[in-house]
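Structure file start.cif (mmCIF, C-alpha atoms (C1' of nucleotides)) is printed below.
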```
data_target
loop_
_atom_site.group_PDB
_atom_site.id
_atom_site.type_symbol
_atom_site.label_atom_id
_atom_site.label_comp_id
_atom_site.auth_asym_id
_atom_site.auth_seq_id
_atom_site.Cartn_x
_atom_site.Cartn_y
_atom_site.Cartn_z
ATOM 1 C CA MET A 1 0.000 0.000 0.000
ATOM 2 C CA LEU A 2 1.263 3.432 -0.867
ATOM 3 C CA SER A 3 1.928 5.330 2.350
ATOM 4 C CA PHE A 4 -0.038 8.431 1.406
ATOM 5 C CA LEU A 5 -3.215 6.396 0.938
ATOM 6 C CA LYS A 6 -3.300 5.461 4.616
ATOM 7 C CA ASP A 7 -2.199 8.831 5.969
ATOM 8 C CA PRO A 8 -5.230 10.278 7.810
ATOM 9 C CA THR A 9 -3.715 13.768 7.828
ATOM 10 C CA LEU A 10 -3.914 14.107 4.040
ATOM 11 C CA THR A 11 -6.974 15.559 2.370
ATOM 12 C CA THR A 12 -8.548 13.965 -0.675
ATOM 13 C CA GLU A 13 -7.250 16.908 -2.714
ATOM 14 C CA GLN A 14 -3.694 16.127 -1.599
ATOM 15 C CA VAL A 15 -4.124 12.432 -2.400
ATOM 16 C CA ALA A 16 -5.422 13.338 -5.863
ATOM 17 C CA LYS A 17 -2.208 15.269 -6.502
ATOM 18 C CA GLU A 18 -0.005 12.531 -5.027
ATOM 19 C CA LEU A 19 -1.581 9.970 -7.364
ATOM 20 C CA LEU A 20 -0.270 11.821 -10.424
ATOM 21 C CA GLY A 21 2.772 9.876 -11.604
ATOM 22 C CA CYS A 22 1.790 6.670 -9.819
ATOM 23 C CA LEU A 23 1.643 3.498 -11.905
ATOM 24 C CA LEU A 24 -1.732 1.785 -12.284
ATOM 25 C CA VAL A 25 -1.258 -1.903 -13.107
ATOM 26 C CA LYS A 26 -3.638 -4.653 -14.243
ATOM 27 C CA GLU A 27 -2.520 -8.267 -14.295
ATOM 28 C CA ASP A 28 -4.741 -10.972 -15.707
ATOM 29 C CA GLU A 29 -4.655 -14.026 -17.958
ATOM 30 C CA ILE A 30 -4.228 -11.804 -21.012
ATOM 31 C CA GLY A 31 -1.057 -10.202 -19.665
ATOM 32 C CA ILE A 32 0.208 -7.141 -17.824
ATOM 33 C CA THR A 33 -0.913 -3.642 -18.692
ATOM 34 C CA SER A 34 0.080 -0.479 -16.875
ATOM 35 C CA GLY A 35 0.123 3.281 -17.184
ATOM 36 C CA TRP A 36 1.206 6.433 -15.362
ATOM 37 C CA ILE A 37 -1.663 8.397 -13.857
ATOM 38 C CA VAL A 38 -1.752 11.839 -15.524
ATOM 39 C CA GLU A 39 -5.176 13.211 -14.562
ATOM 40 C CA THR A 40 -7.348 12.910 -11.422
ATOM 41 C CA GLU A 41 -10.364 14.552 -9.849
ATOM 42 C CA ALA A 42 -11.149 14.850 -6.125
ATOM 43 C CA TYR A 43 -14.672 14.105 -4.901
ATOM 44 C CA VAL A 44 -14.815 15.323 -1.366
ATOM 45 C CA GLY A 45 -17.771 13.566 0.203
ATOM 46 C CA VAL A 46 -21.127 14.386 1.778
ATOM 47 C CA GLN A 47 -20.834 18.154 1.291
ATOM 48 C CA ASP A 48 -19.748 17.892 -2.374
ATOM 49 C CA GLU A 49 -22.793 18.161 -4.617
ATOM 50 C CA ALA A 50 -20.946 16.426 -7.443
ATOM 51 C CA CYS A 51 -19.967 13.434 -5.309
ATOM 52 C CA HIS A 52 -22.033 10.257 -5.388
ATOM 53 C CA SER A 53 -22.070 10.232 -1.581
ATOM 54 C CA TYR A 54 -23.425 13.786 -1.413
ATOM 55 C CA ASN A 55 -25.707 14.310 1.568
ATOM 56 C CA GLY A 56 -24.752 10.910 2.947
ATOM 57 C CA LYS A 57 -26.316 8.998 0.093
ATOM 58 C CA ARG A 58 -25.639 5.286 0.397
ATOM 59 C CA THR A 59 -26.899 2.617 -2.019
ATOM 60 C CA PRO A 60 -25.599 -0.830 -2.972
ATOM 61 C CA ARG A 61 -23.740 0.704 -5.898
ATOM 62 C CA LEU A 62 -21.926 3.149 -3.599
ATOM 63 C CA GLU A 63 -20.950 0.642 -0.939
ATOM 64 C CA SER A 64 -17.274 0.661 -1.958
ATOM 65 C CA MET A 65 -17.021 4.371 -1.192
ATOM 66 C CA TYR A 66 -17.765 3.578 2.440
ATOM 67 C CA LYS A 67 -14.888 1.112 2.720
ATOM 68 C CA LYS A 68 -11.380 1.879 3.932
ATOM 69 C CA ALA A 69 -8.876 4.129 2.185
ATOM 70 C CA GLY A 70 -7.236 2.437 -0.795
ATOM 71 C CA THR A 71 -10.368 0.536 -1.831
ATOM 72 C CA LEU A 72 -11.233 0.726 -5.538
ATOM 73 C CA TYR A 73 -14.677 2.102 -6.372
ATOM 74 C CA VAL A 74 -15.723 1.151 -9.909
ATOM 75 C CA TYR A 75 -19.058 2.169 -11.344
ATOM 76 C CA GLN A 76 -20.742 2.115 -14.685
ATOM 77 C CA MET A 77 -21.976 5.206 -16.461
ATOM 78 C CA HIS A 78 -23.880 4.843 -19.699
ATOM 79 C CA THR A 79 -21.886 2.004 -21.219
ATOM 80 C CA HIS A 80 -18.545 2.893 -19.642
ATOM 81 C CA HIS A 81 -16.712 2.011 -16.434
ATOM 82 C CA MET A 82 -14.996 4.595 -14.179
ATOM 83 C CA VAL A 83 -12.374 3.779 -11.580
ATOM 84 C CA ASN A 84 -11.884 5.667 -8.311
ATOM 85 C CA ILE A 85 -9.669 5.240 -5.265
ATOM 86 C CA VAL A 86 -11.366 5.703 -1.898
ATOM 87 C CA THR A 87 -9.640 8.118 0.480
ATOM 88 C CA ARG A 88 -9.660 8.785 4.214
ATOM 89 C CA THR A 89 -11.826 6.906 6.674
ATOM 90 C CA SER A 90 -15.073 4.972 6.430
ATOM 91 C CA ASP A 91 -16.802 7.930 8.077
ATOM 92 C CA GLU A 92 -15.949 10.184 5.170
ATOM 93 C CA PRO A 93 -16.913 8.623 1.816
ATOM 94 C CA GLN A 94 -14.539 10.510 -0.458
ATOM 95 C CA ALA A 95 -12.674 9.349 -3.551
ATOM 96 C CA VAL A 96 -10.338 10.275 -6.380
ATOM 97 C CA LEU A 97 -11.431 9.566 -9.961
ATOM 98 C CA ILE A 98 -8.674 8.421 -12.306
ATOM 99 C CA ARG A 99 -9.363 10.272 -15.554
ATOM 100 C CA ALA A 100 -6.349 9.480 -17.729
ATOM 101 C CA ILE A 101 -3.111 7.498 -17.848
ATOM 102 C CA GLU A 102 -0.026 7.421 -20.070
ATOM 103 C CA PRO A 103 0.483 3.823 -21.314
ATOM 104 C CA TYR A 104 3.637 2.110 -20.017
ATOM 105 C CA GLU A 105 3.396 -1.679 -20.382
ATOM 106 C CA GLY A 106 1.103 -3.737 -22.617
ATOM 107 C CA VAL A 107 0.426 -1.152 -25.302
ATOM 108 C CA SER A 108 -0.537 -3.878 -27.785
ATOM 109 C CA ILE A 109 -3.217 -5.075 -25.346
ATOM 110 C CA PHE A 110 -4.492 -1.510 -25.029
ATOM 111 C CA GLU A 111 -4.712 -1.275 -28.818
ATOM 112 C CA GLU A 112 -6.561 -4.572 -29.026
ATOM 113 C CA HIS A 113 -9.135 -3.541 -26.426
ATOM 114 C CA ARG A 114 -9.632 -0.053 -27.839
ATOM 115 C CA LYS A 115 -9.310 -0.720 -31.572
ATOM 116 C CA ARG A 116 -7.331 2.514 -31.689
ATOM 117 C CA LYS A 117 -3.806 3.849 -31.379
ATOM 118 C CA GLY A 118 -1.938 6.765 -29.840
ATOM 119 C CA ILE A 119 -3.442 9.164 -27.339
ATOM 120 C CA GLU A 120 -6.939 7.821 -27.974
ATOM 121 C CA LEU A 121 -5.977 4.667 -26.044
ATOM 122 C CA THR A 122 -6.292 6.148 -22.556
ATOM 123 C CA ASN A 123 -7.104 9.883 -22.666
ATOM 124 C CA GLY A 124 -10.401 9.646 -20.773
ATOM 125 C CA PRO A 125 -11.897 7.838 -17.765
ATOM 126 C CA GLY A 126 -14.000 5.420 -19.803
ATOM 127 C CA LYS A 127 -11.213 4.869 -22.314
ATOM 128 C CA LEU A 128 -8.563 3.816 -19.818
ATOM 129 C CA THR A 129 -10.860 1.291 -18.112
ATOM 130 C CA LYS A 130 -11.710 -0.275 -21.450
ATOM 131 C CA ALA A 131 -8.039 -0.325 -22.442
ATOM 132 C CA MET A 132 -7.037 -2.111 -19.210
ATOM 133 C CA GLY A 133 -10.078 -4.368 -19.049
ATOM 134 C CA ILE A 134 -11.350 -2.869 -15.786
ATOM 135 C CA THR A 135 -14.887 -4.063 -15.000
ATOM 136 C CA MET A 136 -17.303 -4.274 -12.057
ATOM 137 C CA GLU A 137 -15.302 -7.299 -10.929
ATOM 138 C CA ASP A 138 -12.646 -4.836 -9.760
ATOM 139 C CA ASN A 139 -15.156 -2.889 -7.675
ATOM 140 C CA GLY A 140 -14.498 -3.101 -3.931
ATOM 141 C CA THR A 141 -11.048 -4.644 -4.273
ATOM 142 C CA GLU A 142 -7.979 -3.091 -2.665
ATOM 143 C CA SER A 143 -5.523 -1.012 -4.648
ATOM 144 C CA ASP A 144 -2.480 -2.922 -3.386
ATOM 145 C CA LYS A 145 -3.709 -6.341 -4.549
ATOM 146 C CA TYR A 146 -3.860 -8.379 -7.755
ATOM 147 C CA PRO A 147 -5.338 -8.060 -10.331
ATOM 148 C CA LEU A 148 -5.677 -4.240 -10.291
ATOM 149 C CA TYR A 149 -3.292 -2.241 -8.151
ATOM 150 C CA ILE A 150 -1.061 0.790 -7.839
ATOM 151 C CA ALA A 151 2.633 -0.074 -7.945
ATOM 152 C CA SER A 152 4.562 1.093 -4.886
ATOM 153 C CA GLN A 153 8.030 0.738 -6.411
ATOM 154 C CA LYS A 154 7.746 3.089 -9.350
ATOM 155 C CA LYS A 155 6.760 6.701 -9.571
ATOM 156 C CA ARG A 156 7.255 9.638 -11.896
ATOM 157 C CA VAL A 157 7.147 13.268 -10.808
ATOM 158 C CA PRO A 158 5.220 15.947 -12.709
ATOM 159 C CA ASN A 159 7.097 19.134 -13.497
ATOM 160 C CA LEU A 160 3.928 21.124 -12.989
ATOM 161 C CA ILE A 161 0.475 20.136 -11.772
ATOM 162 C CA GLN A 162 -2.323 21.956 -13.540
ATOM 163 C CA LYS A 163 -5.528 22.650 -11.582
ATOM 164 C CA SER A 164 -8.890 23.077 -13.274
ATOM 165 C CA LYS A 165 -12.619 22.616 -12.864
ATOM 166 C CA ARG A 166 -13.943 19.085 -12.849
ATOM 167 C CA ILE A 167 -15.433 17.822 -16.087
ATOM 168 C CA GLY A 168 -19.200 17.512 -16.437
ATOM 169 C CA ILE A 169 -20.352 19.219 -13.227
ATOM 170 C CA PRO A 170 -22.909 21.845 -14.342
ATOM 171 C CA ASN A 171 -25.308 23.718 -12.039
ATOM 172 C CA LYS A 172 -23.655 22.703 -8.793
ATOM 173 C CA GLY A 173 -22.982 26.157 -7.373
ATOM 174 C CA HIS A 174 -19.415 26.704 -6.227
ATOM 175 C CA TRP A 175 -18.725 22.998 -6.700
ATOM 176 C CA THR A 176 -18.993 23.546 -10.438
ATOM 177 C CA ASP A 177 -16.066 25.974 -10.329
ATOM 178 C CA ALA A 178 -13.967 24.313 -7.624
ATOM 179 C CA LEU A 179 -10.449 23.522 -8.846
ATOM 180 C CA LEU A 180 -10.503 19.849 -7.939
ATOM 181 C CA ARG A 181 -9.160 18.424 -11.199
ATOM 182 C CA TYR A 182 -5.420 17.840 -11.365
ATOM 183 C CA SER A 183 -3.331 16.994 -14.402
ATOM 184 C CA VAL A 184 0.274 16.744 -15.522
ATOM 185 C CA GLU A 185 0.847 19.931 -17.492
ATOM 186 C CA GLY A 186 1.899 19.180 -21.069
ATOM 187 C CA ASN A 187 1.126 15.456 -20.988
ATOM 188 C CA PRO A 188 -0.541 14.367 -24.243
ATOM 189 C CA TYR A 189 -2.856 11.844 -22.543
ATOM 190 C CA VAL A 190 -4.736 14.393 -20.409
ATOM 191 C CA SER A 191 -8.366 14.411 -21.575
ATOM 192 C CA ARG A 192 -9.858 17.320 -23.531
ATOM 193 C CA ARG A 193 -6.505 19.045 -23.767
ATOM 194 C CA LYS A 194 -5.666 21.662 -26.369
ATOM 195 C CA GLY A 195 -2.418 22.848 -27.869
ATOM 196 C CA LYS A 196 0.906 21.130 -28.252
ATOM 197 C CA PRO A 197 2.047 18.558 -25.687
ATOM 198 C CA MET A 198 5.524 18.919 -24.192
ATOM 199 C CA ASN A 199 8.403 16.767 -25.432
ATOM 200 C CA ASP A 200 9.100 15.346 -21.966
ATOM 201 C CA HIS A 201 5.343 14.780 -21.452
ATOM 202 C CA GLY A 202 5.592 17.003 -18.386
ATOM 203 C CA TRP A 203 7.690 14.594 -16.292
ATOM 204 C CA GLU A 204 10.830 14.976 -14.282
ATOM 205 C CA ALA A 205 13.300 12.067 -14.416
ATOM 206 C CA MET A 206 11.939 8.634 -13.474
ATOM 207 C CA ILE A 207 12.523 7.355 -9.940
ATOM 208 C CA HIS A 208 13.058 3.621 -9.508
ATOM 209 C "C1'" DC B 1 -41.558 4.414 -15.768
ATOM 210 C "C1'" DA B 2 -39.424 8.787 -17.300
ATOM 211 C "C1'" DG B 3 -35.276 11.328 -16.528
ATOM 212 C "C1'" DA B 4 -30.594 12.362 -15.314
ATOM 213 C "C1'" DG B 5 -25.799 11.380 -14.607
ATOM 214 C "C1'" DG B 6 -18.093 12.378 -13.210
ATOM 215 C "C1'" DA B 7 -18.739 9.559 -21.204
ATOM 216 C "C1'" DT B 8 -17.633 8.059 -25.845
ATOM 217 C "C1'" DA B 9 -17.839 7.521 -30.816
ATOM 218 C "C1'" DA B 10 -19.706 8.445 -35.135
ATOM 219 C "C1'" DG B 11 -21.374 11.522 -38.277
ATOM 220 C "C1'" DC B 12 -22.039 15.967 -39.832
ATOM 221 C "C1'" DT B 13 -20.838 21.230 -40.701
ATOM 222 C "C1'" DG C 1 -16.365 22.343 -33.898
ATOM 223 C "C1'" DC C 2 -21.316 20.472 -32.590
ATOM 224 C "C1'" DT C 3 -25.187 16.806 -32.364
ATOM 225 C "C1'" DT C 4 -26.861 12.446 -31.412
ATOM 226 C "C1'" DA C 5 -27.245 7.507 -29.999
ATOM 227 C "C1'" DT C 6 -25.846 4.511 -26.672
ATOM 228 C "C1'" DC C 7 -29.058 1.555 -22.910
ATOM 229 C "C1'" DC C 8 -26.556 1.127 -16.800
ATOM 230 C "C1'" DT C 9 -28.257 2.445 -12.144
ATOM 231 C "C1'" DC C 10 -30.839 5.025 -9.133
ATOM 232 C "C1'" DT C 11 -34.456 8.493 -7.896
ATOM 233 C "C1'" DG C 12 -38.791 10.635 -7.938
ATOM 234 C "C1'" DT C 13 -43.477 10.622 -9.656
#
```

As structure tokens - that is how I would like this structure written.
Amino acid sequence: MLSFLKDPTLTTEQVAKELLGCLLVKEDEIGITSGWIVETEAYVGVQDEACHSYNGKRTPRLESMYKKAGTLYVYQMHTHHMVNIVTRTSDEPQAVLIRAIEPYEGVSIFEEHRKRKGIELTNGPGKLTKAMGITMEDNGTESDKYPLYIASQKKRVPNLIQKSKRIGIPNKGHWTDALLRYSVEGNPYVSRRKGKPMNDHGWEAMIH
DNA sequence: CAGAGGATAAGCT
DNA sequence: GCTTATCCTCTGT
């Protein structure tokens, strides 16, 4: 388990930033796929009108959000899956949505799942789950365990973390404008980005 | 049982 | 660039 996921002094916003550069890995019978997290969004619990657990809402679908920090919360929206990492304690159902990754291992498997190439493989929350084969079977599992986990041995460091409004949160008062979306500035896999990506993809040197 | 929601892809302009 | 179909889960009528 990554140490920052079990640190009760960190806010969900801080965890969302810490997750940038972490390696998300899926291991199954098909093979190993992995990618560096380049975009996250913080959903800060019962007071956050954009959060599923807003106002203490609790349904069978949301049960994973009420589990311990580090639990994976996967849900389906329209025909797509979204993957989140639960933060803090069971009393505070908060989570970080993983919105985009930069492919690292298993690119050919990504291409097979997505029927596409390049940045289209993983530049969106529904795209990366399809690329890695993440399904409801991964819901409620822990993020330090097979088959879907965050590697603790490898991490990259963003040169600059860009803050912006969360995607798709209209008519939610100040929550609509809250800067709770974090991305690696200049990384080509960040969703809905414009302009030229940076040559180094926005990373400092890799740490092993 | 209609409607909305943390989205995507295809098709059009 | 914008519009539309997609067809899961939950809520409110």

I'd like the residues picked by the PyMOL selection byres ((chain A and resi 112-122) around 7) written out as a list in words, using the chain letters and numbers from the file.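 For this structure, the PyMOL selection byres ((chain A and resi 112-122) around 7) resolves to Ala100, Ile101, Glu102, Ser108, Ile109, Phe110, Glu111, Asn123, Gly124, Lys127, Leu128, Lys130, Ala131, Pro188 and Tyr189 of chain A.
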
Report the residues retrieved by the PyMOL selection byres ((chain B and resi 5-8) around 12) from the displayed file, expressed as a PyMOL selection string. (chain A and resi 40-43+49-52+74-84+95-99+114+120+122-130+165-170+176+180-181+191) or (chain B and resi 3-4+9-10) or (chain C and resi 4-6+8-11)

Can I get the selected residues back with C-alpha atoms (C1' of nucleotides), as a CSV table (one decimal), in the coordinates of the input?
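Saved as out-v3.csv:
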```csv
chain,number,residue,atom,x,y,z
A,40,THR,CA,-7.3,12.9,-11.4
A,41,GLU,CA,-10.4,14.6,-9.8
A,42,ALA,CA,-11.1,14.8,-6.1
A,43,TYR,CA,-14.7,14.1,-4.9
A,49,GLU,CA,-22.8,18.2,-4.6
A,50,ALA,CA,-20.9,16.4,-7.4
A,51,CYS,CA,-20.0,13.4,-5.3
A,52,HIS,CA,-22.0,10.3,-5.4
A,74,VAL,CA,-15.7,1.2,-9.9
A,75,TYR,CA,-19.1,2.2,-11.3
A,76,GLN,CA,-20.7,2.1,-14.7
A,77,MET,CA,-22.0,5.2,-16.5
A,78,HIS,CA,-23.9,4.8,-19.7
A,79,THR,CA,-21.9,2.0,-21.2
A,80,HIS,CA,-18.5,2.9,-19.6
A,81,HIS,CA,-16.7,2.0,-16.4
A,82,MET,CA,-15.0,4.6,-14.2
A,83,VAL,CA,-12.4,3.8,-11.6
A,84,ASN,CA,-11.9,5.7,-8.3
A,95,ALA,CA,-12.7,9.3,-3.6
A,96,VAL,CA,-10.3,10.3,-6.4
A,97,LEU,CA,-11.4,9.6,-10.0
A,98,ILE,CA,-8.7,8.4,-12.3
A,99,ARG,CA,-9.4,10.3,-15.6
A,114,ARG,CA,-9.6,-0.1,-27.8
A,120,GLU,CA,-6.9,7.8,-28.0
A,122,THR,CA,-6.3,6.1,-22.6
A,123,ASN,CA,-7.1,9.9,-22.7
A,124,GLY,CA,-10.4,9.6,-20.8
A,125,PRO,CA,-11.9,7.8,-17.8
A,126,GLY,CA,-14.0,5.4,-19.8
A,127,LYS,CA,-11.2,4.9,-22.3
A,128,LEU,CA,-8.6,3.8,-19.8
A,129,THR,CA,-10.9,1.3,-18.1
A,130,LYS,CA,-11.7,-0.3,-21.4
A,165,LYS,CA,-12.6,22.6,-12.9
A,166,ARG,CA,-13.9,19.1,-12.8
A,167,ILE,CA,-15.4,17.8,-16.1
A,168,GLY,CA,-19.2,17.5,-16.4
A,169,ILE,CA,-20.4,19.2,-13.2
A,170,PRO,CA,-22.9,21.8,-14.3
A,176,THR,CA,-19.0,23.5,-10.4
A,180,LEU,CA,-10.5,19.8,-7.9
A,181,ARG,CA,-9.2,18.4,-11.2
A,191,SER,CA,-8.4,14.4,-21.6
B,3,DG,C1',-35.3,11.3,-16.5
B,4,DA,C1',-30.6,12.4,-15.3
B,9,DA,C1',-17.8,7.5,-30.8
B,10,DA,C1',-19.7,8.4,-35.1
C,4,DT,C1',-26.9,12.4,-31.4
C,5,DA,C1',-27.2,7.5,-30.0
C,6,DT,C1',-25.8,4.5,-26.7
C,8,DC,C1',-26.6,1.1,-16.8
C,9,DT,C1',-28.3,2.4,-12.1
C,10,DC,C1',-30.8,5.0,-9.1
C,11,DT,C1',-34.5,8.5,-7.9
```

So for stretch 54-61 of chain A, what box centre and size do we get, axis-aligned, 6 Å extra on each of the six sides, every listed atom, Å to one decimal, as AutoDock Vina command-line options?
```
--center_x -25.2 --center_y 6.7 --center_z -1.5 --size_x 15.5 --size_y 27.1 --size_z 20.8
```

Near A:Ser34, within 6 Å and counting only C-alpha atoms (C1' of nucleotides), which residues show up once chain neighbours fewer than 4 positions away are dropped, as an mmCIF file with C-alpha atoms, in the coordinates of the input?
```
data_model
loop_
_atom_site.group_PDB
_atom_site.id
_atom_site.type_symbol
_atom_site.label_atom_id
_atom_site.label_comp_id
_atom_site.auth_asym_id
_atom_site.auth_seq_id
_atom_site.Cartn_x
_atom_site.Cartn_y
_atom_site.Cartn_z
ATOM 1 C CA LEU A 24 -1.732 1.785 -12.284
ATOM 2 C CA VAL A 25 -1.258 -1.903 -13.107
ATOM 3 C CA TYR A 104 3.637 2.110 -20.017
ATOM 4 C CA GLU A 105 3.396 -1.679 -20.382
#
```

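Between atom CA of A:Lys68 and atom CA of A:Ile37 the separation is 21.3 Å.
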
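Every protein or nucleic acid residue with an atom no more than 6 Å from A:Pro158, counting all atoms listed in the file and leaving out same-chain residues fewer than 2 positions away, appears here: Leu160, Val184, Gly202, Trp203 and Glu204 of chain A.
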
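Taking atom CA of A:Val157 and atom CA of A:Leu10 as the two end points, the separation is 18.5 Å.
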
Between atom CA of A:Pro8 and atom CA of A:Met65, what is the distance in Å, rounded to a tenth? 16.0 Å

Given the PyMOL selection byres ((chain A and resi 26) around 8), the residues it picks as a compact mmCIF listing (two decimals) with C-alpha atoms, in the frame of the given file:
```txt
# COMPACT_ATOMS: atom_id res chain seq x y z
CA LEU A 24 -1.73 1.78 -12.28
CA VAL A 25 -1.26 -1.90 -13.11
CA GLU A 27 -2.52 -8.27 -14.30
CA ASP A 28 -4.74 -10.97 -15.71
CA ILE A 32 0.21 -7.14 -17.82
CA THR A 33 -0.91 -3.64 -18.69
CA SER A 34 0.08 -0.48 -16.88
CA MET A 132 -7.04 -2.11 -19.21
CA TYR A 146 -3.86 -8.38 -7.76
CA PRO A 147 -5.34 -8.06 -10.33
CA LEU A 148 -5.68 -4.24 -10.29
CA TYR A 149 -3.29 -2.24 -8.15
```
